[in-house]
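See below for my_file-v3.txt, which holds compact mmCIF, C-alpha atoms.
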# COMPACT_ATOMS: atom_id res chain seq x y z
CA MET A 1 78.30 156.06 147.65
CA PRO A 2 79.68 155.62 144.15
CA TRP A 3 81.15 158.76 142.61
CA ASP A 4 78.94 160.87 140.34
CA ARG A 5 80.22 162.26 137.01
CA ASN A 6 81.80 165.32 138.57
CA GLN A 7 83.42 163.34 141.37
CA MET A 8 84.81 160.92 138.79
CA ALA A 9 86.26 163.86 136.89
CA GLU A 10 87.68 165.30 140.10
CA ARG A 11 89.33 161.95 140.88
CA ALA A 12 90.73 161.79 137.35
CA ALA A 13 92.24 165.25 137.83
CA ALA A 14 94.47 163.70 140.48
CA GLU A 15 96.21 161.88 137.61
CA LEU A 16 97.59 165.21 136.39
CA GLU A 17 101.12 166.24 137.23
CA ASP A 18 102.46 169.77 137.16
CA GLY A 19 103.77 170.55 133.67
CA PHE A 20 101.82 167.83 131.88
CA TYR A 21 100.62 168.07 128.29
CA VAL A 22 97.21 166.40 128.28
CA ASN A 23 94.58 165.33 125.77
CA LEU A 24 91.05 164.96 127.16
CA GLY A 25 88.43 162.87 125.36
CA ILE A 26 84.82 163.86 124.74
CA GLY A 27 82.20 163.38 127.50
CA ILE A 28 83.09 162.99 131.19
CA PRO A 29 86.85 163.44 130.46
CA THR A 30 86.12 167.01 129.31
CA LEU A 31 84.95 167.78 132.87
CA VAL A 32 88.45 167.02 134.21
CA SER A 33 89.58 170.50 133.13
CA ASN A 34 87.26 171.93 135.82
CA TYR A 35 89.38 170.31 138.53
CA VAL A 36 92.95 171.18 137.51
CA PRO A 37 94.78 172.30 140.69
CA ALA A 38 95.26 176.07 140.61
CA ASP A 39 99.03 175.89 141.11
CA TYR A 40 99.55 173.36 138.29
CA ASP A 41 100.77 174.34 134.86
CA ILE A 42 98.76 172.07 132.53
CA THR A 43 98.59 172.43 128.75
CA LEU A 44 95.61 170.88 126.96
CA GLN A 45 96.12 169.51 123.46
CA SER A 46 93.23 169.38 121.01
CA GLU A 47 93.97 166.93 118.20
CA ASN A 48 92.40 169.05 115.48
CA GLY A 49 95.51 171.21 115.75
CA MET A 50 95.92 173.25 118.93
CA LEU A 51 98.18 173.17 121.96
CA GLY A 52 97.08 175.34 124.86
CA MET A 53 93.31 175.21 124.69
CA GLY A 54 91.38 177.83 126.63
CA PRO A 55 87.83 177.78 128.06
CA PHE A 56 84.62 178.12 126.05
CA PRO A 57 84.21 181.64 124.63
CA THR A 58 81.79 184.33 125.75
CA ASP A 59 79.26 185.27 123.06
CA ASP A 60 81.55 188.08 121.91
CA GLU A 61 84.56 185.83 121.60
CA VAL A 62 83.02 183.09 119.41
CA ASP A 63 85.27 182.40 116.42
CA ALA A 64 84.28 179.89 113.71
CA ASP A 65 87.99 179.21 113.07
CA LEU A 66 88.63 178.19 116.67
CA ILE A 67 87.12 174.87 117.77
CA ASN A 68 88.13 171.81 119.77
CA ALA A 69 88.13 168.15 118.72
CA GLY A 70 84.46 167.90 119.74
CA LYS A 71 83.76 170.72 117.23
CA GLN A 72 82.82 173.07 120.08
CA THR A 73 83.91 176.69 120.00
CA VAL A 74 86.84 177.38 122.37
CA THR A 75 89.35 180.17 123.07
CA GLU A 76 93.11 180.54 122.86
CA LEU A 77 95.59 181.38 125.60
CA ASP A 78 98.89 183.28 125.58
CA ARG A 79 100.74 179.99 125.24
CA THR A 80 98.61 178.66 122.38
CA SER A 81 100.09 177.32 119.18
CA TYR A 82 98.26 176.06 116.09
CA PHE A 83 99.43 173.40 113.67
CA SER A 84 98.24 171.02 110.98
CA SER A 85 96.71 167.58 111.52
CA SER A 86 99.85 165.61 110.70
CA THR A 87 101.88 167.71 113.15
CA SER A 88 99.16 167.25 115.75
CA PHE A 89 99.28 163.49 115.42
CA ALA A 90 103.07 163.44 115.24
CA MET A 91 102.91 164.97 118.71
CA ILE A 92 100.46 162.25 119.80
CA ARG A 93 101.96 159.23 118.00
CA GLY A 94 105.49 160.32 118.84
CA GLY A 95 104.85 160.07 122.58
CA HIS A 96 105.16 163.78 123.34
CA ILE A 97 101.81 164.00 125.14
CA ASN A 98 102.03 162.87 128.77
CA LEU A 99 98.49 161.75 129.45
CA SER A 100 95.18 161.10 127.76
CA ILE A 101 91.93 160.59 129.66
CA LEU A 102 89.31 158.86 127.51
CA GLY A 103 85.83 157.39 127.76
CA ALA A 104 85.19 153.75 126.87
CA MET A 105 82.50 151.18 126.18
CA GLU A 106 84.62 148.25 127.40
CA VAL A 107 88.08 147.62 128.87
CA SER A 108 89.64 144.19 129.28
CA GLU A 109 91.82 142.89 132.11
CA THR A 110 94.81 143.09 129.75
CA GLY A 111 94.19 146.74 128.96
CA ASP A 112 92.43 146.31 125.63
CA LEU A 113 90.10 149.22 124.93
CA ALA A 114 86.87 149.31 122.89
CA ASN A 115 85.23 152.70 122.42
CA TRP A 116 84.51 153.27 118.74
CA MET A 117 81.96 150.89 117.28
CA ILE A 118 79.07 148.56 118.05
CA PRO A 119 78.54 146.07 115.20
CA GLY A 120 75.06 146.30 113.73
CA ARG A 121 74.59 149.83 114.99
CA LEU A 122 75.46 153.05 113.24
CA VAL A 123 79.20 153.36 112.93
CA LYS A 124 80.46 156.88 113.34
CA GLY A 125 84.20 156.27 113.22
CA MET A 126 87.15 156.26 115.58
CA GLY A 127 88.31 159.85 115.08
CA GLY A 128 91.67 160.23 116.82
CA ALA A 129 91.11 157.61 119.53
CA MET A 130 93.25 154.87 117.96
CA ASP A 131 96.18 157.24 117.52
CA LEU A 132 95.86 158.56 121.07
CA VAL A 133 95.87 155.14 122.73
CA ALA A 134 98.76 153.99 120.53
CA GLY A 135 100.96 157.00 121.13
CA VAL A 136 100.26 158.91 124.35
CA GLN A 137 102.55 158.04 127.28
CA ARG A 138 99.81 157.15 129.75
CA ILE A 139 96.17 156.19 129.05
CA VAL A 140 93.54 156.58 131.75
CA VAL A 141 89.98 155.46 131.03
CA LEU A 142 87.15 157.28 132.75
CA MET A 143 83.81 155.47 132.50
CA ASP A 144 80.91 153.98 134.43
CA HIS A 145 81.63 150.59 135.94
CA ALA A 146 78.55 148.99 134.36
CA ASN A 147 76.53 149.66 131.23
CA LYS A 148 72.88 150.72 131.18
CA ALA A 149 71.82 147.07 131.41
CA GLY A 150 73.89 146.72 134.59
CA GLU A 151 76.58 144.57 132.94
CA SER A 152 80.25 145.01 133.82
CA LYS A 153 82.28 147.13 131.40
CA LEU A 154 85.50 145.73 132.91
CA LEU A 155 85.76 142.42 131.10
CA LYS A 156 88.02 139.41 130.69
CA LYS A 157 87.98 140.09 126.98
CA CYS A 158 86.32 142.91 125.05
CA SER A 159 83.29 141.83 123.02
CA LEU A 160 83.34 144.94 120.82
CA PRO A 161 85.89 145.78 118.09
CA LEU A 162 89.05 147.15 119.67
CA THR A 163 90.36 150.68 119.60
CA GLY A 164 93.72 149.45 120.90
CA GLN A 165 95.34 146.33 122.29
CA ALA A 166 96.98 146.41 125.76
CA VAL A 167 96.93 150.21 125.83
CA VAL A 168 95.10 151.14 129.06
CA ASP A 169 97.15 151.91 132.18
CA ARG A 170 94.43 152.87 134.66
CA ILE A 171 90.62 152.79 134.82
CA ILE A 172 88.58 155.20 136.94
CA THR A 173 84.91 154.23 137.33
CA ASN A 174 82.10 155.38 139.59
CA LEU A 175 83.14 152.58 141.98
CA GLY A 176 86.89 153.10 142.19
CA VAL A 177 90.32 153.17 140.60
CA PHE A 178 91.89 150.11 138.94
CA ASP A 179 95.33 149.53 137.44
CA VAL A 180 96.02 147.11 134.61
CA VAL A 181 98.73 144.79 135.98
CA GLU A 182 100.06 141.30 135.31
CA GLY A 183 97.16 138.88 135.79
CA GLY A 184 94.29 141.36 135.85
CA LEU A 185 93.07 144.58 137.41
CA LYS A 186 94.46 145.80 140.70
CA VAL A 187 92.15 147.77 142.98
CA VAL A 188 93.94 151.02 143.79
CA GLU A 189 91.14 152.86 145.52
CA LEU A 190 87.40 152.52 146.20
CA ALA A 191 84.80 155.29 146.14
CA PRO A 192 83.41 156.14 149.61
CA GLU A 193 81.27 153.34 151.11
CA VAL A 194 81.86 151.09 148.10
CA THR A 195 82.93 147.62 149.29
CA MET A 196 85.20 145.05 147.69
CA ASP A 197 82.20 142.67 147.64
CA GLU A 198 80.24 145.13 145.54
CA VAL A 199 83.21 145.60 143.18
CA ARG A 200 83.70 141.82 142.83
CA GLU A 201 79.99 141.37 142.08
CA LYS A 202 80.02 144.09 139.42
CA THR A 203 83.34 143.20 137.75
CA GLU A 204 83.82 140.43 135.20
CA ALA A 205 87.58 141.03 134.80
CA ALA A 206 89.98 139.24 137.13
CA LEU A 207 90.81 141.35 140.20
CA VAL A 208 94.27 140.87 141.69
CA GLY A 209 96.19 142.14 144.70
CA MET B 210 101.14 181.32 83.87
CA GLY B 211 98.66 182.91 86.24
CA LYS B 212 97.28 180.92 89.15
CA VAL B 213 94.50 183.34 90.07
CA TYR B 214 90.94 182.54 88.99
CA GLN B 215 87.70 184.47 89.33
CA ASP B 216 85.66 181.89 91.21
CA ALA B 217 85.32 178.24 92.13
CA ALA B 218 83.71 177.14 88.85
CA SER B 219 86.47 178.64 86.70
CA ALA B 220 89.18 177.35 89.04
CA LEU B 221 87.84 173.81 88.61
CA ASP B 222 87.42 174.07 84.83
CA GLY B 223 88.83 170.99 83.10
CA LEU B 224 89.81 169.25 86.33
CA LEU B 225 86.71 167.22 87.15
CA PHE B 226 85.83 163.78 85.82
CA ASP B 227 83.61 160.89 86.93
CA GLY B 228 85.36 158.39 89.18
CA MET B 229 88.03 160.85 90.31
CA SER B 230 89.68 160.97 93.74
CA VAL B 231 89.63 164.16 95.81
CA ALA B 232 91.34 165.22 99.04
CA ALA B 233 89.30 167.84 100.89
CA GLY B 234 90.62 169.95 103.78
CA GLY B 235 88.64 170.77 106.89
CA PHE B 236 87.75 169.39 110.30
CA GLY B 237 84.01 169.20 110.83
CA LEU B 238 82.79 172.38 109.15
CA CYS B 239 85.90 174.32 110.23
CA GLY B 240 88.24 175.32 107.41
CA ILE B 241 86.34 173.56 104.64
CA PRO B 242 86.54 174.72 101.00
CA GLU B 243 82.88 175.78 100.89
CA ASN B 244 82.93 177.37 97.45
CA LEU B 245 84.74 174.48 95.77
CA ILE B 246 82.36 171.94 97.30
CA GLN B 247 79.38 173.90 95.98
CA ALA B 248 80.98 174.14 92.52
CA ILE B 249 81.66 170.39 92.47
CA LYS B 250 78.01 169.84 93.38
CA ASP B 251 76.94 172.14 90.55
CA SER B 252 79.22 170.32 88.09
CA GLY B 253 77.31 167.07 88.60
CA VAL B 254 80.51 164.98 88.58
CA LYS B 255 79.79 161.46 89.88
CA ASN B 256 81.34 158.43 91.50
CA MET B 257 84.00 160.30 93.44
CA THR B 258 86.29 158.91 96.13
CA ILE B 259 86.82 161.63 98.73
CA ALA B 260 89.46 161.64 101.46
CA SER B 261 88.33 164.01 104.19
CA ASN B 262 88.32 163.69 107.95
CA ASN B 263 84.54 164.20 108.07
CA ALA B 264 81.62 164.16 105.65
CA GLY B 265 80.02 167.49 106.50
CA VAL B 266 76.41 167.75 107.65
CA GLY B 267 73.23 167.06 105.71
CA ASP B 268 72.95 170.50 104.12
CA PHE B 269 76.49 171.90 104.30
CA GLY B 270 80.05 170.96 103.51
CA LEU B 271 80.65 167.61 101.83
CA GLY B 272 77.07 166.67 102.75
CA LEU B 273 76.09 168.69 99.68
CA LEU B 274 77.80 166.12 97.44
CA LEU B 275 75.80 163.32 99.03
CA GLN B 276 72.47 164.95 98.19
CA ASP B 277 72.78 163.95 94.52
CA LYS B 278 74.78 160.80 95.30
CA GLN B 279 77.99 162.10 93.73
CA VAL B 280 80.22 160.22 96.18
CA ALA B 281 80.97 156.49 95.83
CA LYS B 282 83.46 156.23 98.68
CA MET B 283 84.63 158.27 101.65
CA ILE B 284 87.99 157.86 103.40
CA SER B 285 87.31 159.44 106.79
CA SER B 286 87.88 159.09 110.52
CA TYR B 287 84.48 160.26 111.74
CA VAL B 288 81.15 160.71 109.98
CA GLY B 289 78.81 160.94 112.97
CA GLU B 290 77.21 164.29 112.16
CA ASN B 291 75.65 163.38 108.82
CA ASP B 292 72.31 161.54 108.72
CA LEU B 293 72.28 161.52 104.92
CA PHE B 294 75.62 159.74 104.99
CA MET B 295 74.20 157.07 107.28
CA GLN B 296 71.14 156.54 105.08
CA GLN B 297 73.24 156.05 101.94
CA TYR B 298 75.75 153.89 103.79
CA LEU B 299 73.07 151.59 105.21
CA ALA B 300 71.42 151.39 101.78
CA GLY B 301 74.73 150.20 100.30
CA GLU B 302 75.02 153.28 98.05
CA LEU B 303 78.13 154.66 99.72
CA GLU B 304 81.32 152.93 100.78
CA ILE B 305 83.30 154.06 103.81
CA GLU B 306 86.93 153.35 104.58
CA PHE B 307 87.55 154.38 108.17
CA ASN B 308 91.06 155.62 108.86
CA PRO B 309 92.28 156.70 112.28
CA GLN B 310 92.53 160.49 112.20
CA GLY B 311 96.30 160.58 112.59
CA THR B 312 96.75 157.82 110.04
CA LEU B 313 94.64 159.73 107.52
CA ALA B 314 96.67 162.89 108.12
CA GLU B 315 99.93 160.99 107.74
CA ARG B 316 98.74 159.14 104.63
CA LEU B 317 98.09 162.51 102.98
CA ARG B 318 101.37 163.96 104.25
CA ALA B 319 103.32 160.91 103.10
CA GLY B 320 101.61 160.78 99.72
CA GLY B 321 102.41 164.43 99.15
CA ALA B 322 106.00 163.90 100.26
CA GLY B 323 106.64 161.01 97.86
CA ILE B 324 106.52 158.36 100.58
CA PRO B 325 104.42 155.41 99.39
CA GLY B 326 103.97 153.83 102.82
CA PHE B 327 104.88 154.10 106.48
CA TYR B 328 104.64 152.02 109.63
CA THR B 329 102.53 153.11 112.59
CA ALA B 330 101.48 151.54 115.89
CA THR B 331 98.03 153.07 115.45
CA GLY B 332 95.41 150.36 114.92
CA VAL B 333 97.65 147.36 115.62
CA GLY B 334 95.50 144.54 117.03
CA THR B 335 92.29 146.16 115.71
CA GLN B 336 90.25 145.57 112.57
CA ILE B 337 92.03 148.56 110.98
CA ALA B 338 95.16 146.40 110.68
CA GLU B 339 93.39 143.37 109.21
CA GLY B 340 94.86 142.34 105.88
CA LYS B 341 97.74 144.81 106.21
CA GLU B 342 101.41 143.95 106.50
CA THR B 343 102.88 144.29 109.98
CA LYS B 344 106.50 144.51 111.06
CA GLU B 345 108.33 144.49 114.35
CA PHE B 346 110.72 147.29 115.23
CA ASP B 347 112.58 147.18 118.56
CA GLY B 348 110.14 144.62 119.94
CA LYS B 349 106.98 146.53 119.06
CA THR B 350 104.53 145.77 116.23
CA TYR B 351 103.63 148.34 113.58
CA VAL B 352 101.23 148.24 110.64
CA LEU B 353 102.02 149.39 107.11
CA GLU B 354 99.80 152.21 105.86
CA ARG B 355 99.92 153.62 102.33
CA GLY B 356 100.53 157.20 101.30
CA LEU B 357 97.61 158.86 99.52
CA ARG B 358 97.89 160.76 96.27
CA MET B 359 94.63 162.13 94.89
CA ASP B 360 93.60 163.45 91.46
CA LEU B 361 92.56 166.74 93.02
CA ALA B 362 92.99 168.51 96.35
CA ILE B 363 90.60 171.25 97.44
CA VAL B 364 91.70 173.41 100.36
CA LYS B 365 90.65 176.56 102.18
CA ALA B 366 93.07 179.11 103.61
CA TRP B 367 92.77 182.49 105.26
CA LYS B 368 95.05 184.52 103.01
CA GLY B 369 96.89 183.68 99.84
CA ASP B 370 98.72 185.38 97.02
CA ALA B 371 99.05 185.01 93.25
CA GLN B 372 102.06 182.73 93.76
CA GLY B 373 99.81 180.27 95.61
CA ASN B 374 101.40 180.90 99.03
CA LEU B 375 98.85 180.22 101.77
CA THR B 376 98.39 181.03 105.45
CA TYR B 377 95.68 179.45 107.53
CA ARG B 378 93.88 180.88 110.55
CA LYS B 379 93.79 179.11 113.95
CA THR B 380 92.25 175.62 113.95
CA ALA B 381 90.88 176.16 110.43
CA MET B 382 94.31 174.92 109.33
CA ASN B 383 93.68 171.25 110.31
CA PHE B 384 93.98 168.93 107.27
CA ASN B 385 94.40 171.68 104.68
CA PRO B 386 98.23 171.74 104.53
CA GLU B 387 98.39 167.94 104.11
CA CYS B 388 95.66 167.90 101.46
CA ALA B 389 97.41 170.70 99.57
CA THR B 390 100.49 168.50 99.14
CA ALA B 391 98.56 165.33 98.23
CA GLY B 392 96.76 166.55 95.12
CA LYS B 393 98.06 165.99 91.60
CA VAL B 394 96.38 169.37 91.17
CA THR B 395 95.55 171.59 94.15
CA VAL B 396 92.95 174.34 94.09
CA ALA B 397 92.84 176.76 97.03
CA GLU B 398 90.08 179.13 98.02
CA VAL B 399 90.99 181.97 100.36
CA GLU B 400 89.16 184.68 102.27
CA GLU B 401 91.50 187.26 100.83
CA ILE B 402 94.03 187.36 98.01
CA VAL B 403 96.76 189.78 99.04
CA PRO B 404 99.53 191.30 96.89
CA VAL B 405 102.59 189.09 96.43
CA GLY B 406 105.19 190.08 99.01
CA THR B 407 102.76 191.16 101.72
CA LEU B 408 102.33 187.80 103.46
CA ASP B 409 104.81 187.31 106.30
CA LYS B 410 107.34 185.08 104.54
CA MET B 411 108.17 183.30 107.78
CA SER B 412 104.50 182.47 108.44
CA ILE B 413 103.55 180.89 105.12
CA HIS B 414 102.15 177.43 105.93
CA THR B 415 101.75 176.15 102.36
CA PRO B 416 104.42 177.34 99.91
CA GLY B 417 103.10 178.20 96.46
CA VAL B 418 104.64 175.20 94.71
CA TYR B 419 101.80 173.06 96.03
CA VAL B 420 99.00 175.27 94.73
CA GLN B 421 98.15 175.40 91.02
CA ARG B 422 94.98 177.49 91.17
CA ILE B 423 93.66 180.02 93.68
CA PHE B 424 90.65 182.28 94.04
CA GLN B 425 89.01 184.49 96.63
CA GLY B 426 85.57 183.43 97.85
CA ASP B 427 82.87 184.37 100.35
CA HIS B 428 82.61 182.05 103.33
CA GLU B 429 79.65 181.35 105.57
CA LYS B 430 81.93 179.60 108.13
CA ARG B 431 79.07 177.77 109.78
CA ILE B 432 79.64 176.69 113.41
CA GLU B 433 78.69 173.11 114.29
CA GLN B 434 78.69 173.27 118.09
CA ARG B 435 78.42 176.84 119.30
CA THR B 436 79.40 176.48 122.96
CA THR B 437 79.76 179.52 125.20
CA ARG B 438 80.26 180.51 128.83
CA ALA B 439 78.65 183.42 130.67
CA ALA B 440 80.49 186.73 130.16
Is it possible to give me this structure as structure tokens?
Amino acid sequence: MPWDRNQMAERAAAELEDGFYVNLGIGIPTLVSNYVPADYDITLQSENGMLGMGPFPTDDEVDADLINAGKQTVTELDRTSYFSSSTSFAMIRGGHINLSILGAMEVSETGDLANWMIPGRLVKGMGGAMDLVAGVQRIVVLMDHANKAGESKLLKKCSLPLTGQAVVDRIITNLGVFDVVEGGLKVVELAPEVTMDEVREKTEAALVG
Amino acid sequence: MGKVYQDAASALDGLLFDGMSVAAGGFGLCGIPENLIQAIKDSGVKNMTIASNNAGVGDFGLGLLLQDKQVAKMISSYVGENDLFMQQYLAGELEIEFNPQGTLAERLRAGGAGIPGFYTATGVGTQIAEGKETKEFDGKTYVLERGLRMDLAIVKAWKGDAQGNLTYRKTAMNFNPECATAGKVTVAEVEEIVPVGTLDKMSIHTPGVYVQRIFQGDHEKRIEQRTTRAA
């Protein structure tokens, strides 16, 4: 059985280490915060200018001046600090954030990432994604293995405009966990009952090891 | 010379002209200079280039300036929430220069700090770096990005004083401090003007030297994505 969204998020939470400063992307990566081990001290960074992001507010706590990078209302914690956008991205670009978990449209076997535009379709912009993949210490992509048409999203070469070149360290899909290594993608782990044959059939990128 | 003005219209008097460039603070609808945007709309000034992380929504924020096609070009990182923007963009009426969010912030910071350009790894190997100079430092490639200096900066802060000192509140700070430094003239709107000397001097985010005009305004503070959990 391939993992569902929540199981993917739970698997991605195993990438966290105690004491990490982490930036979570929009979509499935946001769910990772539900699976942080209780005895871990994890600080979430929100690139609009907040370190130490708390959960969504109750109705009484909603504050228009307190949102996350997805523009959702959030809360602060005792540890929280606020800062301006250039300071926020200095923290990101300067390599001070340990881990970012991001969604993607395509990833190549050399770790290229495409997640910001589809030519000919409406272009919304890259937001902070290019800065995150260029600066954060470790980049983990969390995405479905195939697109809606059933085509592999793990490719030899990305067909879409890149967000970053050779930036991805690890890919977690509904089928398993893959590391970007010399020569292609190394299978680290498979979801329960998923076979190597199924992974080979559904993966365009070179699989090694 | 007093910096305090009665309202947005008087604070902008003499500063607006067709074809001007403007840096606008805010992230989404959070911490945007609502009153100044409305006054710029009312002024009818045209053909503006606006550097702002986002473009507002159809009927609020910078979206208001799109309604009468006052904007020729946006320099932004994300414009996904504005249908009007998309219509004008697809019709060829509006130009967009996408900047990575951190690059935009740093361009404004650098411009305000007298730094005409800087090298960053952000965007290397992507279309953002096309046509730009690159340079290798310690075996890694970086792309040259230019500092931004704009004719006018419009910012929103929580509290300010007659000296132009500003403090921001929570994540409503975002791009406002950078924009405040990047304007040839900077106009700030605040929720409250307090007597000089009453702001905590160690918690002033934007020192008054950056702010030429200031006024107190009313703020709707619209929320884009109200997301809550059960009490």
One decimal, Å: what's the distance from CA of Ala191 (chain A) over to CA of Met143 (chain A), could you say?
-> 13.7 Å
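Residues with any atom within 12 Å of Lys156 (chain A), counting all atoms listed in the file and excluding same-chain neighbours fewer than 5 positions away, are Glu106, Val107, Ser108, Glu109, Thr110, Gly111, Asp112, Leu113, Val180, Gly183, Gly184, Leu185, Thr203, Glu204, Ala205, Ala206 and Leu207 of chain A.
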List every residue of chain B that has an atom at most 6 Å from any atom of chain A, giving for each one its closest atom pair and the distance in Å to one decimal, counting all atoms listed in the file, sorted by chain and then by ascending residue number, as CSV.
residue,atom,partner,partner_atom,distance
B:Ser286,CA,A:Gly127,CA,4.6
B:Tyr287,CA,A:Gly125,CA,4.3
B:Val288,CA,A:Lys124,CA,5.1
B:Gly289,CA,A:Lys124,CA,4.4
B:Pro309,CA,A:Gly128,CA,5.8
B:Gln310,CA,A:Gly128,CA,4.7
B:Gly311,CA,A:Phe89,CA,5.0
B:Ala314,CA,A:Ser86,CA,4.9
B:Glu315,CA,A:Ser86,CA,5.5
B:Ala330,CA,A:Ala134,CA,5.9
B:Thr331,CA,A:Asp131,CA,5.0
B:Gly332,CA,A:Met130,CA,5.9
B:Gly334,CA,A:Gln165,CA,5.6
B:Thr335,CA,A:Leu162,CA,5.2
B:Lys379,CA,A:Tyr82,CA,5.8
B:Thr380,CA,A:Leu66,CA,5.2
B:Ala381,CA,A:Asp65,CA,5.0
B:Met382,CA,A:Ser84,CA,5.8
B:Asn383,CA,A:Ser84,CA,4.6
B:Phe384,CA,A:Ser85,CA,5.2
B:Ile432,CA,A:Ala64,CA,5.6
B:Gln434,CA,A:Gln72,CA,4.6
B:Arg435,CA,A:Thr73,CA,5.5
B:Thr436,CA,A:Thr73,CA,5.4
B:Thr437,CA,A:Pro57,CA,5.0
B:Arg438,CA,A:Thr58,CA,5.1
B:Ala439,CA,A:Thr58,CA,5.9
B:Ala440,CA,A:Thr58,CA,5.2
Grab the CA of Glu304 (chain B) to CA of Lys250 (chain B) distance for me, in Å with one decimal place.
-> 18.8 Å
List as a PyMOL selection string: which residues have an atom within 6 Å of (96.7, 155.5, 105.7), counting all atoms listed in the file?
-> chain B and resi 312-313+316+354-355
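The gap separating CA of Ile337 (chain B) from CA of Leu357 (chain B) is 16.4 Å, in Å to one decimal.
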May I have the residues within 10 Å of Phe424 (chain B) as an MDAnalysis selection string, using all atoms listed in the file and disregarding those fewer than 4 positions away in the same chain?
-> chainID B and resid 212:217 219:220 244:245 365 369:371 373 396:402
Centre and size of axis-aligned box enclosing region 57-72 of chain A plus 4 Å each side, as AutoDock Vina command-line options:
--center_x 83.9 --center_y 178.0 --center_z 119.4 --size_x 17.4 --size_y 28.2 --size_z 20.7
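Across B:Thr390, B:Gln372, B:Asn262, B:Thr329, the tightest approach to Lys344 (chain B) is made by B:Thr329 when counting only C-alpha atoms.
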Test item: residues at most 9 Å from Ile28 (chain A), all atoms listed in the file, excluding those fewer than 5 positions along its chain, as a ChimeraX atom specification = /A:5-6,8-9,102-103,142-143
Would you save the residues of that selection, restricted to C-alpha atoms, as an mmCIF file, in the coordinates of the input?
data_model
loop_
_atom_site.group_PDB
_atom_site.id
_atom_site.type_symbol
_atom_site.label_atom_id
_atom_site.label_comp_id
_atom_site.auth_asym_id
_atom_site.auth_seq_id
_atom_site.Cartn_x
_atom_site.Cartn_y
_atom_site.Cartn_z
ATOM 1 C CA ARG A 5 80.220 162.260 137.010
ATOM 2 C CA ASN A 6 81.800 165.320 138.570
ATOM 3 C CA MET A 8 84.810 160.920 138.790
ATOM 4 C CA ALA A 9 86.260 163.860 136.890
ATOM 5 C CA LEU A 102 89.310 158.860 127.510
ATOM 6 C CA GLY A 103 85.830 157.390 127.760
ATOM 7 C CA LEU A 142 87.150 157.280 132.750
ATOM 8 C CA MET A 143 83.810 155.470 132.500
#
Determine, counting all atoms listed in the file, which protein, DNA and RNA residues have an atom within 12 Å of an atom of Arg200 (chain A); residues of the same chain fewer than 3 positions away are not included. Present the result as a list in words.
-> His145, Ser152, Leu154, Leu155, Leu175, Gly176, Leu185, Lys186, Val187, Leu190, Val194, Thr195, Met196, Asp197, Thr203, Glu204, Ala205, Ala206, Leu207 and Val208 of chain A
